[in-house]
There are 2 protein chains.
Amino acid sequence: MSDCLFCKIVKGEIPCSLVYQDDAVMAFKDINPLAPTHLLVIPKQHLASALDINAHNSAVIAHMFEVIPQIAKEAGIAEKGFRIVTNIGKDGGQIVQHLHFHILGGRHLEPSLG
Amino acid sequence: MSDCLFCKIVKGEIPCSLVYQDDAVMAFKDINPLAPTHLLVIPKQHLASALDINAHNSAVIAHMFEVIPQIAKEAGIAEKGFRIVTNIGKDGGQIVQHLHFHILGGRHLEPSLG
């Protein structure tokens with residue numbers, strides 16, 4: 001998607017504070033952090049949101065959740081705990097229309113979930 | 001896990017308001033809803049949290065994310081949007097030590113994410 005912010009980050013057209021990448025996944029720091037640690041984990045392929053996940057593309061989701069423990073450990077938040085969030089659509093508060101999982105940690109997170 | 005609340009729900013030893021199930025996944029209403037729609041999606045196999053996901057068990061995560069769009073559509077929250085959250089450990093606010101994804105919708109969710 002030529003006009004997608006995260007696709008531009010994947011292509012290197014926009015810089016990011018990278019913390020992890022492989023062939024299918026990237027993780028980088030959120031530029032507007034809501035917690036001491038706030039990372040975004042995205043698939044390199046463009047999926048608009050979790051509503052676009054299906055049996056043909058779900059392998060990348062499995063892979064993202066395989067690498068998240070490693071990312072959390074390297075960020076120093078695995079032991080105390082963290083939260084994984086993905087927002088879908090307007091009610092969910094989704095801002096960038098490219099599937100991304102927020103990884104939040106480094107402080108006690110409120111139980112409200114939004 | 002014999003003392004796990006969600007394993008007891010999977011075995012039918014504790015009732016739940018079921019909205020979806022198949023061989024690997026169950027979805028039911030949260031008994032303490034934080035939004036007009038608040039569902040929990042769990043793997044039937046016991047995984048303590050997202051930190052326990054690895055290449056050997058991640059297929060169930062892919063499957064969970066394949067069925068979530070269908071669950072959201074049937075709950076009437078897919079069009080307006082929703083949020084998917086999983087809490088890990090103390091800082092994350094994890095209460096039940098069996099991996100579960102919260103599905104929250106039916107109102108505009110706050111952008112704070114906790």
# chains A, B, ... in the order shown; residues from 1 in each chain; ligands from 1
$ residues_around --residues "region 31-37 of chain A" --least-positions-apart "5" --cutoff "10 Å" --atoms "only C-alpha atoms" --output "PyMOL selection string"
(chain A and resi 16-17+72+75-77+82+102-109) or (chain B and resi 111-114)
$ select_by_dssp --residues "chain B" --states "alpha helix (DSSP H)" --output "number ranges by chain"
B: 5-10, 59-75, 89-92
$ select_by_dssp --residues "region 34-106 of chain A" --states "strand (DSSP E)" --output "PyMOL selection string"
chain A and resi 37-43+82-88+101-105
$ interface_residues --of "chain B" --to "chain A" --cutoff "10 Å" --atoms "only C-alpha atoms" --output "short mmCIF file (atom, residue, chain, number, x, y, z; two decimals) with N, CA and C atoms, in the first residue's frame"
data_model
loop_
_atom_site.label_atom_id
_atom_site.label_comp_id
_atom_site.auth_asym_id
_atom_site.auth_seq_id
_atom_site.Cartn_x
_atom_site.Cartn_y
_atom_site.Cartn_z
N LEU B 34 -16.30 -5.02 30.84
CA LEU B 34 -15.76 -3.67 30.86
C LEU B 34 -16.27 -2.83 29.69
N ALA B 35 -17.11 -3.44 28.87
CA ALA B 35 -17.69 -2.76 27.70
C ALA B 35 -18.98 -3.49 27.37
N ALA B 50 0.74 -15.37 26.94
CA ALA B 50 1.38 -15.20 25.63
C ALA B 50 2.89 -15.45 25.69
N LEU B 51 3.47 -15.39 26.88
CA LEU B 51 4.90 -15.70 27.01
C LEU B 51 5.18 -17.17 26.72
N ASP B 52 4.16 -18.01 26.80
CA ASP B 52 4.35 -19.45 26.57
C ASP B 52 4.17 -19.87 25.12
N ILE B 53 3.94 -18.88 24.25
CA ILE B 53 3.75 -19.22 22.83
C ILE B 53 5.11 -19.47 22.18
N ASN B 54 5.19 -20.56 21.43
CA ASN B 54 6.42 -20.89 20.70
C ASN B 54 6.04 -21.62 19.41
N ALA B 55 7.06 -21.99 18.65
CA ALA B 55 6.80 -22.57 17.33
C ALA B 55 6.00 -23.88 17.40
N HIS B 56 6.02 -24.53 18.56
CA HIS B 56 5.32 -25.82 18.69
C HIS B 56 3.82 -25.65 18.94
N ASN B 57 3.42 -24.52 19.52
CA ASN B 57 2.00 -24.36 19.86
C ASN B 57 1.34 -23.15 19.20
N SER B 58 2.07 -22.44 18.35
CA SER B 58 1.53 -21.17 17.83
C SER B 58 0.41 -21.35 16.82
N ALA B 59 0.20 -22.57 16.32
CA ALA B 59 -0.88 -22.77 15.35
C ALA B 59 -2.23 -22.41 15.96
N VAL B 60 -2.38 -22.64 17.26
CA VAL B 60 -3.66 -22.32 17.89
C VAL B 60 -3.88 -20.80 17.95
N ILE B 61 -2.81 -20.03 18.01
CA ILE B 61 -2.93 -18.57 18.00
C ILE B 61 -3.43 -18.11 16.62
N ALA B 62 -2.82 -18.68 15.58
CA ALA B 62 -3.28 -18.37 14.22
C ALA B 62 -4.76 -18.69 14.10
N HIS B 63 -5.15 -19.83 14.61
CA HIS B 63 -6.55 -20.24 14.53
C HIS B 63 -7.46 -19.30 15.31
N MET B 64 -7.02 -18.88 16.50
CA MET B 64 -7.83 -17.94 17.29
C MET B 64 -8.08 -16.65 16.50
N PHE B 65 -7.01 -16.15 15.84
CA PHE B 65 -7.17 -14.91 15.09
C PHE B 65 -7.95 -15.11 13.78
N GLU B 66 -8.04 -16.36 13.33
CA GLU B 66 -8.92 -16.64 12.17
C GLU B 66 -10.39 -16.59 12.58
N VAL B 67 -10.69 -17.03 13.80
CA VAL B 67 -12.10 -17.09 14.21
C VAL B 67 -12.58 -15.78 14.85
N ILE B 68 -11.66 -14.95 15.32
CA ILE B 68 -12.08 -13.69 15.96
C ILE B 68 -12.91 -12.81 15.02
N PRO B 69 -12.54 -12.65 13.74
CA PRO B 69 -13.41 -11.83 12.87
C PRO B 69 -14.86 -12.35 12.82
N GLN B 70 -15.01 -13.65 12.77
CA GLN B 70 -16.35 -14.26 12.75
C GLN B 70 -17.09 -14.00 14.07
N ALA B 72 -16.53 -11.53 16.14
CA ALA B 72 -16.84 -10.09 16.21
C ALA B 72 -18.05 -9.75 15.34
N LYS B 73 -18.13 -10.36 14.17
CA LYS B 73 -19.29 -10.11 13.29
C LYS B 73 -20.57 -10.59 13.96
N ILE B 77 -20.02 -6.21 16.45
CA ILE B 77 -19.04 -5.15 16.74
C ILE B 77 -18.00 -4.98 15.63
N ALA B 78 -18.08 -5.82 14.61
CA ALA B 78 -17.03 -5.79 13.58
C ALA B 78 -17.04 -4.48 12.80
N GLU B 79 -18.23 -3.99 12.49
CA GLU B 79 -18.32 -2.82 11.61
C GLU B 79 -17.83 -1.55 12.32
N LYS B 80 -18.29 -1.32 13.54
CA LYS B 80 -17.90 -0.10 14.27
C LYS B 80 -16.49 -0.20 14.84
N GLY B 81 -16.04 -1.40 15.11
CA GLY B 81 -14.68 -1.58 15.62
C GLY B 81 -14.65 -2.17 17.01
N PHE B 82 -13.49 -2.66 17.37
CA PHE B 82 -13.32 -3.30 18.67
C PHE B 82 -11.83 -3.34 19.01
N ARG B 83 -11.52 -3.92 20.15
CA ARG B 83 -10.14 -4.01 20.64
C ARG B 83 -9.88 -5.43 21.11
N ILE B 84 -8.69 -5.92 20.82
CA ILE B 84 -8.24 -7.23 21.29
C ILE B 84 -7.07 -7.00 22.24
N VAL B 85 -7.17 -7.57 23.45
CA VAL B 85 -6.15 -7.35 24.48
C VAL B 85 -5.79 -8.69 25.12
N THR B 86 -4.50 -8.90 25.36
CA THR B 86 -4.12 -9.98 26.26
C THR B 86 -3.11 -9.44 27.27
N ASN B 87 -3.35 -9.75 28.53
CA ASN B 87 -2.51 -9.30 29.63
C ASN B 87 -1.57 -10.40 30.05
N ILE B 88 -0.33 -10.01 30.34
CA ILE B 88 0.69 -10.97 30.74
C ILE B 88 1.28 -10.52 32.09
N GLY B 89 1.16 -11.38 33.09
CA GLY B 89 1.83 -11.12 34.36
C GLY B 89 1.23 -9.98 35.16
N LYS B 90 1.97 -9.60 36.20
CA LYS B 90 1.47 -8.65 37.19
C LYS B 90 1.30 -7.24 36.60
N ASP B 91 2.33 -6.71 35.96
CA ASP B 91 2.22 -5.37 35.37
C ASP B 91 1.12 -5.32 34.31
N GLY B 92 0.93 -6.43 33.60
CA GLY B 92 -0.10 -6.46 32.57
C GLY B 92 -1.51 -6.54 33.12
N GLY B 93 -1.62 -6.96 34.39
CA GLY B 93 -2.93 -7.10 35.00
C GLY B 93 -3.60 -8.44 34.70
N GLN B 94 -2.78 -9.46 34.43
CA GLN B 94 -3.35 -10.79 34.15
C GLN B 94 -3.94 -11.38 35.43
N ILE B 95 -5.18 -11.80 35.38
CA ILE B 95 -5.87 -12.34 36.56
C ILE B 95 -5.93 -13.87 36.49
N PHE B 101 -7.67 -13.85 25.21
CA PHE B 101 -7.76 -12.57 24.52
C PHE B 101 -9.10 -11.94 24.85
N HIS B 102 -9.05 -10.73 25.39
CA HIS B 102 -10.27 -9.95 25.60
C HIS B 102 -10.70 -9.34 24.26
N ILE B 103 -11.99 -9.42 23.98
CA ILE B 103 -12.57 -8.76 22.81
C ILE B 103 -13.54 -7.72 23.37
N LEU B 104 -13.22 -6.46 23.17
CA LEU B 104 -14.02 -5.38 23.75
C LEU B 104 -14.63 -4.53 22.65
N GLY B 105 -15.93 -4.25 22.76
CA GLY B 105 -16.59 -3.41 21.76
C GLY B 105 -17.94 -2.95 22.24
N GLY B 106 -18.65 -2.26 21.35
CA GLY B 106 -19.98 -1.78 21.68
C GLY B 106 -19.99 -0.35 22.20
N ARG B 107 -18.83 0.24 22.35
CA ARG B 107 -18.70 1.67 22.68
C ARG B 107 -17.34 2.14 22.17
N HIS B 108 -17.16 3.46 22.16
CA HIS B 108 -15.86 3.99 21.78
C HIS B 108 -14.87 3.71 22.91
N LEU B 109 -13.80 3.01 22.60
CA LEU B 109 -12.82 2.64 23.61
C LEU B 109 -11.78 3.74 23.76
N GLU B 110 -11.36 3.98 24.99
CA GLU B 110 -10.41 5.04 25.28
C GLU B 110 -9.05 4.75 24.64
N PRO B 111 -8.34 5.79 24.24
CA PRO B 111 -7.04 5.57 23.57
C PRO B 111 -5.90 5.24 24.53
N SER B 112 -6.15 5.23 25.84
CA SER B 112 -5.04 5.10 26.78
C SER B 112 -4.39 3.71 26.77
N LEU B 113 -5.14 2.68 26.45
CA LEU B 113 -4.66 1.29 26.42
C LEU B 113 -4.21 0.78 27.80
N GLY B 114 -4.49 1.54 28.85
CA GLY B 114 -4.13 1.12 30.20
C GLY B 114 -3.00 1.97 30.79
#
$ atom_distance --atom1 "CA of Pro43 (chain B)" --atom2 "CA of Ala48 (chain A)"
24.6 Å
$ atom_distance --atom1 "CA of His46 (chain A)" --atom2 "CA of Glu74 (chain B)"
25.2 Å
$ residues_around --residues "Pro15 (chain A)" --least-positions-apart "6" --cutoff "12 Å" --atoms "only C-alpha atoms" --output "number ranges by chain"
A: 5-9, 28-31
$ write_last_selection --atoms "C-alpha atoms" --output "PDB file, in the first residue's frame"
ATOM      1  CA  LEU A   5       2.680   4.749   6.966  1.00  0.00           C
ATOM      2  CA  PHE A   6       3.777   1.327   8.203  1.00  0.00           C
ATOM      3  CA  CYS A   7       4.405   0.016   4.664  1.00  0.00           C
ATOM      4  CA  LYS A   8       6.707   3.038   4.229  1.00  0.00           C
ATOM      5  CA  ILE A   9       8.516   2.068   7.445  1.00  0.00           C
ATOM      6  CA  PHE A  28       9.833  -0.668  16.628  1.00  0.00           C
ATOM      7  CA  LYS A  29       9.216   1.950  19.303  1.00  0.00           C
ATOM      8  CA  ASP A  30       5.908   3.836  19.238  1.00  0.00           C
ATOM      9  CA  ILE A  31       6.652   7.517  18.614  1.00  0.00           C
TER      10      ILE A  31
END
$ atom_distance --atom1 "CA of Tyr20 (chain B)" --atom2 "CA of Leu39 (chain B)"
10.1 Å
